[in-house]
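Novice: Structure: final-v4.pdb, PDB, C-alpha atoms.
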ATOM      1  CA  MET A   1       0.000   0.000   0.000
ATOM      2  CA  ASP A   2       1.453   3.351  -0.941
ATOM      3  CA  ALA A   3       1.808   6.239   1.504
ATOM      4  CA  LYS A   4      -1.227   8.178   0.195
ATOM      5  CA  TRP A   5      -3.604   5.245   0.670
ATOM      6  CA  ARG A   6      -2.150   4.476   4.094
ATOM      7  CA  GLU A   7      -2.708   8.087   5.152
ATOM      8  CA  THR A   8      -6.234   8.025   3.700
ATOM      9  CA  PHE A   9      -7.201   4.936   5.684
ATOM     10  CA  GLN A  10      -5.581   6.257   8.856
ATOM     11  CA  LEU A  11      -7.640   9.438   8.518
ATOM     12  CA  TRP A  12     -10.776   7.372   7.851
ATOM     13  CA  SER A  13     -10.146   5.388  11.041
ATOM     14  CA  ARG A  14     -10.613   8.609  13.018
ATOM     15  CA  THR A  15     -14.015   9.452  11.547
ATOM     16  CA  GLU A  16     -17.193   9.172  13.555
ATOM     17  CA  GLN A  17     -18.592   6.759  10.962
ATOM     18  CA  HIS A  18     -15.703   4.325  11.401
ATOM     19  CA  GLN A  19     -15.734   4.640  15.180
ATOM     20  CA  HIS A  20     -19.452   3.803  15.143
ATOM     21  CA  ALA A  21     -18.830   0.727  12.934
ATOM     22  CA  LEU A  22     -16.002  -0.413  15.210
ATOM     23  CA  GLN A  23     -18.116  -0.002  18.344
ATOM     24  CA  ALA A  24     -20.994  -1.907  16.738
ATOM     25  CA  ALA A  25     -18.649  -4.779  15.817
ATOM     26  CA  HIS A  26     -17.330  -4.947  19.385
ATOM     27  CA  GLU A  27     -20.894  -5.046  20.715
ATOM     28  CA  ILE A  28     -21.864  -7.845  18.298
ATOM     29  CA  ILE A  29     -18.797  -9.849  19.330
ATOM     30  CA  GLN A  30     -19.392  -9.296  23.040
ATOM     31  CA  HIS A  31     -23.039 -10.353  22.783
ATOM     32  CA  ALA A  32     -22.098 -13.454  20.767
ATOM     33  CA  LEU A  33     -19.445 -14.438  23.300
ATOM     34  CA  GLU A  34     -21.937 -14.046  26.135
ATOM     35  CA  THR A  35     -24.385 -16.421  24.438
ATOM     36  CA  ALA A  36     -21.957 -19.038  23.081
ATOM     37  CA  ARG A  37     -20.249 -21.781  25.052
ATOM     38  CA  LYS A  38     -17.528 -22.580  22.542
ATOM     39  CA  PRO A  39     -17.134 -20.288  19.516
ATOM     40  CA  TYR A  40     -14.555 -20.369  16.760
ATOM     41  CA  VAL A  41     -13.354 -17.912  14.117
ATOM     42  CA  ALA A  42     -13.386 -18.812  10.412
ATOM     43  CA  PHE A  43     -10.080 -17.402   9.128
ATOM     44  CA  SER A  44      -9.372 -17.346   5.401
ATOM     45  CA  GLY A  45      -6.482 -14.923   5.621
ATOM     46  CA  GLY A  46      -8.305 -12.316   3.524
ATOM     47  CA  LYS A  47      -8.693  -8.762   4.756
ATOM     48  CA  ASP A  48     -12.208  -9.200   6.189
ATOM     49  CA  SER A  49     -11.438 -12.362   8.129
ATOM     50  CA  THR A  50      -8.143 -10.864   9.303
ATOM     51  CA  VAL A  51      -9.866  -7.798  10.751
ATOM     52  CA  MET A  52     -12.629  -9.915  12.286
ATOM     53  CA  THR A  53     -10.133 -12.357  13.813
ATOM     54  CA  HIS A  54      -8.200  -9.460  15.335
ATOM     55  CA  LEU A  55     -11.383  -8.034  16.896
ATOM     56  CA  VAL A  56     -12.607 -11.378  18.267
ATOM     57  CA  LEU A  57      -9.214 -12.246  19.757
ATOM     58  CA  GLN A  58      -9.193  -8.892  21.572
ATOM     59  CA  HIS A  59     -12.248 -10.131  23.463
ATOM     60  CA  ALA A  60     -11.405 -13.825  23.765
ATOM     61  CA  PRO A  61      -7.727 -14.611  23.029
ATOM     62  CA  ASP A  62      -8.141 -18.396  23.379
ATOM     63  CA  THR A  63     -10.871 -18.669  20.742
ATOM     64  CA  MET A  64     -10.050 -21.335  18.177
ATOM     65  CA  VAL A  65      -9.065 -19.876  14.803
ATOM     66  CA  LEU A  66      -9.965 -22.285  11.998
ATOM     67  CA  HIS A  67      -8.224 -22.035   8.643
ATOM     68  CA  TRP A  68      -8.937 -24.116   5.535
ATOM     69  CA  ASP A  69      -5.875 -25.128   3.485
ATOM     70  CA  TYR A  70      -6.791 -25.401  -0.216
ATOM     71  CA  GLY A  71      -3.583 -27.237  -1.084
ATOM     72  CA  ARG A  72      -0.566 -26.180  -3.116
ATOM     73  CA  ALA A  73      -2.352 -26.363  -6.483
ATOM     74  CA  PHE A  74      -4.529 -23.436  -5.387
ATOM     75  CA  VAL A  75      -2.439 -21.611  -2.758
ATOM     76  CA  PRO A  76       1.366 -21.648  -3.142
ATOM     77  CA  GLU A  77       3.334 -22.682  -0.065
ATOM     78  CA  PRO A  78       4.814 -19.195   0.607
ATOM     79  CA  ILE A  79       1.300 -17.675   0.645
ATOM     80  CA  GLN A  80       0.016 -20.407   2.962
ATOM     81  CA  ARG A  81       2.948 -19.874   5.340
ATOM     82  CA  GLU A  82       2.337 -16.111   5.348
ATOM     83  CA  THR A  83      -1.379 -16.620   6.044
ATOM     84  CA  LEU A  84      -0.627 -18.810   9.068
ATOM     85  CA  ARG A  85       2.095 -16.420  10.226
ATOM     86  CA  ASN A  86      -0.410 -13.559  10.061
ATOM     87  CA  ALA A  87      -2.884 -15.546  12.170
ATOM     88  CA  ARG A  88      -0.216 -16.014  14.817
ATOM     89  CA  LEU A  89       0.731 -12.316  14.650
ATOM     90  CA  LEU A  90      -2.930 -11.487  15.311
ATOM     91  CA  GLY A  91      -2.594 -13.489  18.507
ATOM     92  CA  ALA A  92      -4.094 -16.821  17.478
ATOM     93  CA  ARG A  93      -3.044 -19.189  20.266
ATOM     94  CA  ASN A  94      -5.402 -21.939  19.202
ATOM     95  CA  LEU A  95      -4.869 -22.195  15.436
ATOM     96  CA  ARG A  96      -6.368 -25.185  13.649
ATOM     97  CA  VAL A  97      -5.735 -25.953   9.980
ATOM     98  CA  GLU A  98      -8.020 -28.337   8.127
ATOM     99  CA  THR A  99      -7.701 -29.641   4.582
ATOM    100  CA  SER A 100      -8.586 -32.565   2.356
ATOM    101  CA  SER A 101      -6.284 -35.167   0.838
ATOM    102  CA  LEU A 102      -8.200 -34.641  -2.414
ATOM    103  CA  TYR A 103      -6.146 -31.496  -3.050
ATOM    104  CA  ARG A 104      -2.964 -33.545  -3.159
ATOM    105  CA  LYS A 105      -4.617 -36.323  -5.156
ATOM    106  CA  LEU A 106      -6.511 -34.196  -7.723
ATOM    107  CA  GLY A 107      -4.551 -30.951  -7.812
ATOM    108  CA  ARG A 108      -6.391 -28.279  -9.811
ATOM    109  CA  ARG A 109      -9.142 -30.778 -10.637
ATOM    110  CA  ALA A 110     -10.257 -30.751  -6.981
ATOM    111  CA  GLN A 111     -13.496 -28.804  -7.385
ATOM    112  CA  ASN A 112     -15.923 -27.925  -4.560
ATOM    113  CA  VAL A 113     -13.881 -29.912  -2.052
ATOM    114  CA  LEU A 114     -14.387 -27.323   0.670
ATOM    115  CA  GLY A 115     -18.168 -27.321   0.230
ATOM    116  CA  LYS A 116     -18.437 -31.090   0.404
ATOM    117  CA  HIS A 117     -15.933 -31.455   3.234
ATOM    118  CA  LEU A 118     -17.178 -28.490   5.257
ATOM    119  CA  ILE A 119     -20.871 -29.342   5.242
ATOM    120  CA  GLY A 120     -20.523 -33.113   5.164
ATOM    121  CA  ARG A 121     -17.726 -33.605   7.672
ATOM    122  CA  LEU A 122     -16.090 -30.619   9.309
ATOM    123  CA  LEU A 123     -19.126 -28.705  10.604
ATOM    124  CA  PRO A 124     -20.724 -31.834  12.126
ATOM    125  CA  GLN A 125     -17.333 -32.713  13.662
ATOM    126  CA  LEU A 126     -17.014 -29.227  15.168
ATOM    127  CA  ALA A 127     -20.531 -29.513  16.606
ATOM    128  CA  GLN A 128     -19.599 -32.874  18.164
ATOM    129  CA  GLU A 129     -16.565 -31.176  19.707
ATOM    130  CA  GLY A 130     -18.918 -28.669  21.342
ATOM    131  CA  TYR A 131     -18.471 -25.667  19.049
ATOM    132  CA  ASP A 132     -21.726 -23.740  18.896
ATOM    133  CA  LEU A 133     -20.920 -20.474  17.088
ATOM    134  CA  ALA A 134     -18.852 -19.474  14.070
ATOM    135  CA  PHE A 135     -17.569 -15.935  13.635
ATOM    136  CA  VAL A 136     -17.625 -15.298   9.880
ATOM    137  CA  GLY A 137     -16.208 -12.249   8.085
ATOM    138  CA  LEU A 138     -19.083 -11.528   5.721
ATOM    139  CA  ARG A 139     -20.089  -7.971   4.823
ATOM    140  CA  ARG A 140     -23.411  -6.979   3.240
ATOM    141  CA  GLN A 141     -21.628  -4.530   0.950
ATOM    142  CA  GLU A 142     -19.628  -7.256  -0.807
ATOM    143  CA  SER A 143     -22.435  -8.852  -2.792
ATOM    144  CA  LEU A 144     -26.163  -9.338  -3.092
ATOM    145  CA  ARG A 145     -25.704 -13.005  -2.210
ATOM    146  CA  ARG A 146     -23.925 -12.168   1.054
ATOM    147  CA  ARG A 147     -26.484  -9.470   1.876
ATOM    148  CA  ARG A 148     -29.265 -12.034   1.451
ATOM    149  CA  ARG A 149     -27.446 -14.644   3.515
ATOM    150  CA  ILE A 150     -26.888 -12.237   6.395
ATOM    151  CA  ARG A 151     -30.458 -10.917   6.259
ATOM    152  CA  SER A 152     -32.035 -14.385   6.149
ATOM    153  CA  GLY A 153     -29.835 -15.805   8.895
ATOM    154  CA  ARG A 154     -29.191 -18.808   6.640
ATOM    155  CA  THR A 155     -26.180 -20.699   7.941
ATOM    156  CA  LEU A 156     -24.156 -23.548   6.479
ATOM    157  CA  SER A 157     -25.167 -25.888   9.305
ATOM    158  CA  ALA A 158     -27.240 -25.957  12.465
ATOM    159  CA  MET A 159     -24.444 -23.997  14.152
ATOM    160  CA  ARG A 160     -25.104 -20.285  14.643
ATOM    161  CA  GLU A 161     -23.009 -17.795  12.712
ATOM    162  CA  CYS A 162     -22.065 -14.276  13.757
ATOM    163  CA  TYR A 163     -21.075 -11.526  11.313
ATOM    164  CA  PRO A 164     -19.359  -8.722  13.289
ATOM    165  CA  LEU A 165     -18.410  -6.820  10.107
ATOM    166  CA  GLN A 166     -21.793  -7.173   8.422
ATOM    167  CA  ASP A 167     -22.380  -3.417   8.153
ATOM    168  CA  TRP A 168     -18.807  -2.356   7.508
ATOM    169  CA  ASP A 169     -17.765  -0.358   4.478
ATOM    170  CA  TRP A 170     -14.695  -1.325   2.451
ATOM    171  CA  ARG A 171     -12.903   1.672   3.998
ATOM    172  CA  ASP A 172     -13.579   0.344   7.478
ATOM    173  CA  VAL A 173     -11.863  -2.930   6.644
ATOM    174  CA  TRP A 174      -8.794  -1.302   5.119
TER     175      TRP A 174
END
Translate this file's structure into structure tokens.
Specialist:
Amino acid sequence: MDAKWRETFQLWSRTEQHQHALQAAHEIIQHALETARKPYVAFSGGKDSTVMTHLVLQHAPDTMVLHWDYGRAFVPEPIQRETLRNARLLGARNLRVETSSLYRKLGRRAQNVLGKHLIGRLLPQLAQEGYDLAFVGLRRQESLRRRRRIRSGRTLSAMRECYPLQDWDWRDVW
């Protein structure tokens, strides 16, 4: 990021609008933590999940941070290492990485592995382990599909999902 953009986002972070969005996110997180027994954070390594993970870990540093490894055919090793390093720099003490052997076996032909694995295996396994809430870094502003998902409360499983950044603007994330 060049110096002008960095300065722009630093100035934005001081606005009343951003401060309101930040406070709202903290309130959403706090309420979710008060109502969940065992939450986890879904961490992709993208900017939204990075910001959300940082905010959640400020409230509950031992929260499990779950990352999905798409395999080397989709994410080169240096990028994967940097993603996990960033999670640790955010303070992730309880970092869990899940993947599927299909990535190694099929390479770039491994299509929709996450969807099948997540819904069919991983989410039920997490529920059996006692996890009852997923913090997810979705924002309404990103797409109509995400806006509809947040509004409807439709989750990927029976486990509740919490979207602390749901009303954030792209400037808030940066």
Novice: Restricting the calculation to only C-alpha atoms, which member of A:Leu156, A:Val65, A:Ala3, A:Ala87 is positioned closest to Lys38 of chain A?
Specialist: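 Smallest separation from Lys38 of chain A among the options: A:Val65.
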Novice: Give me, as a list in words, all polymer residues having an atom no more than 10 Å from Gln80 of chain A, counting all atoms listed in the file and skipping those fewer than 4 positions away in the same chain.
Specialist: Gly45, Asp69, Tyr70, Gly71, Arg72, Phe74, Val75, Pro76, Leu84, Arg85 and Asn86 of chain A
Novice: Could you turn the residues from that selection into a file that holds C-alpha atoms, as a short mmCIF file (atom, residue, chain, number, x, y, z; two decimals), in the coordinates of the input?
Specialist:
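The resulting file, result_26.cif, is shown below:
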data_model
loop_
_atom_site.label_atom_id
_atom_site.label_comp_id
_atom_site.auth_asym_id
_atom_site.auth_seq_id
_atom_site.Cartn_x
_atom_site.Cartn_y
_atom_site.Cartn_z
CA GLY A 45 -6.48 -14.92 5.62
CA ASP A 69 -5.88 -25.13 3.48
CA TYR A 70 -6.79 -25.40 -0.22
CA GLY A 71 -3.58 -27.24 -1.08
CA ARG A 72 -0.57 -26.18 -3.12
CA PHE A 74 -4.53 -23.44 -5.39
CA VAL A 75 -2.44 -21.61 -2.76
CA PRO A 76 1.37 -21.65 -3.14
CA LEU A 84 -0.63 -18.81 9.07
CA ARG A 85 2.10 -16.42 10.23
CA ASN A 86 -0.41 -13.56 10.06
#
Novice: Using the chain letters and numbers from the file, give me the residues hit by the PyMOL selection byres ((chain A and resi 142) around 12), as number ranges by chain.
Specialist: A: 48, 137-141, 143-150, 165-170, 173
Novice: Given the file shown, determine the residues that the PyMOL selection byres ((chain A and resi 68) around 10) selects; report them as a CSV table (one decimal) with C-alpha atoms, in the coordinates of the input.
Specialist:
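Dumped everything to result_5.csv:
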chain,number,residue,atom,x,y,z
A,42,ALA,CA,-13.4,-18.8,10.4
A,43,PHE,CA,-10.1,-17.4,9.1
A,44,SER,CA,-9.4,-17.3,5.4
A,45,GLY,CA,-6.5,-14.9,5.6
A,66,LEU,CA,-10.0,-22.3,12.0
A,67,HIS,CA,-8.2,-22.0,8.6
A,69,ASP,CA,-5.9,-25.1,3.5
A,70,TYR,CA,-6.8,-25.4,-0.2
A,71,GLY,CA,-3.6,-27.2,-1.1
A,96,ARG,CA,-6.4,-25.2,13.6
A,97,VAL,CA,-5.7,-26.0,10.0
A,98,GLU,CA,-8.0,-28.3,8.1
A,99,THR,CA,-7.7,-29.6,4.6
A,100,SER,CA,-8.6,-32.6,2.4
A,114,LEU,CA,-14.4,-27.3,0.7
A,118,LEU,CA,-17.2,-28.5,5.3
Novice: Ranking A:Ala25, A:Leu57, A:Leu11, A:Leu89 by minimum distance to Val41 of chain A and counting all atoms listed in the file, which one comes first?
Specialist: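 Checking each of A:Ala25, A:Leu57, A:Leu11, A:Leu89 against Val41 of chain A, counting all atoms listed in the file, the winner is A:Leu57.
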Novice: Just give me the gap between atom CA of Arg14 of chain A and atom CA of Arg171 of chain A in Å, one decimal is fine.
Specialist: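 Atom CA of Arg171 of chain A lies at a distance of 11.6 Å from atom CA of Arg14 of chain A.
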Novice: Which one is closest to Glu129 of chain A: A:Arg154, A:Arg93, A:Arg37, A:His59? Count all atoms listed in the file.
Specialist: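 Residue with the minimum atom-to-atom distance to Glu129 of chain A: A:Arg37.
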Novice: Could you please determine the separation between atom CA of Ser101 of chain A and atom CA of Glu82 of chain A in Å, to one decimal place?
Specialist: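 Distance between the two atoms: 21.4 Å.
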Novice: Hey, can you check how far atom CA of Trp12 of chain A sits from atom CA of Cys162 of chain A?
Specialist: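 Computed distance, atom CA of Trp12 of chain A to atom CA of Cys162 of chain A, equals 25.1 Å.
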Novice: Can you tell me, as a PDB file with C-alpha atoms, keeping the file's coordinate frame, what residues are no more than 12 Å from Ala73 of chain A when counting all atoms listed in the file, ignoring any on the same chain fewer than 6 positions away?
Specialist:
ATOM      1  CA  ILE A  79       1.300 -17.675   0.645  1.00  0.00           C
ATOM      2  CA  GLN A  80       0.016 -20.407   2.962  1.00  0.00           C
ATOM      3  CA  LEU A 102      -8.200 -34.641  -2.414  1.00  0.00           C
ATOM      4  CA  TYR A 103      -6.146 -31.496  -3.050  1.00  0.00           C
ATOM      5  CA  ARG A 104      -2.964 -33.545  -3.159  1.00  0.00           C
ATOM      6  CA  LYS A 105      -4.617 -36.323  -5.156  1.00  0.00           C
ATOM      7  CA  LEU A 106      -6.511 -34.196  -7.723  1.00  0.00           C
ATOM      8  CA  GLY A 107      -4.551 -30.951  -7.812  1.00  0.00           C
ATOM      9  CA  ARG A 108      -6.391 -28.279  -9.811  1.00  0.00           C
ATOM     10  CA  ARG A 109      -9.142 -30.778 -10.637  1.00  0.00           C
ATOM     11  CA  ALA A 110     -10.257 -30.751  -6.981  1.00  0.00           C
ATOM     12  CA  GLN A 111     -13.496 -28.804  -7.385  1.00  0.00           C
TER      13      GLN A 111
END
Novice: Box along x, y and z, 8 Å on every side, all listed atoms of segment 105-114 of chain A inside: centre and edge lengths in Å to one decimal, as AutoDock Vina command-line options.
Specialist:
--center_x -10.2 --center_y -31.8 --center_z -5.0 --size_x 27.4 --size_y 25.0 --size_z 27.3
Novice: For the file shown, what are the residues hit by the PyMOL selection byres ((chain A and resi 22) around 10), laid out as a ChimeraX atom specification?
Specialist: /A:13,16-21,23-28,55,164-165,167-168,172-173
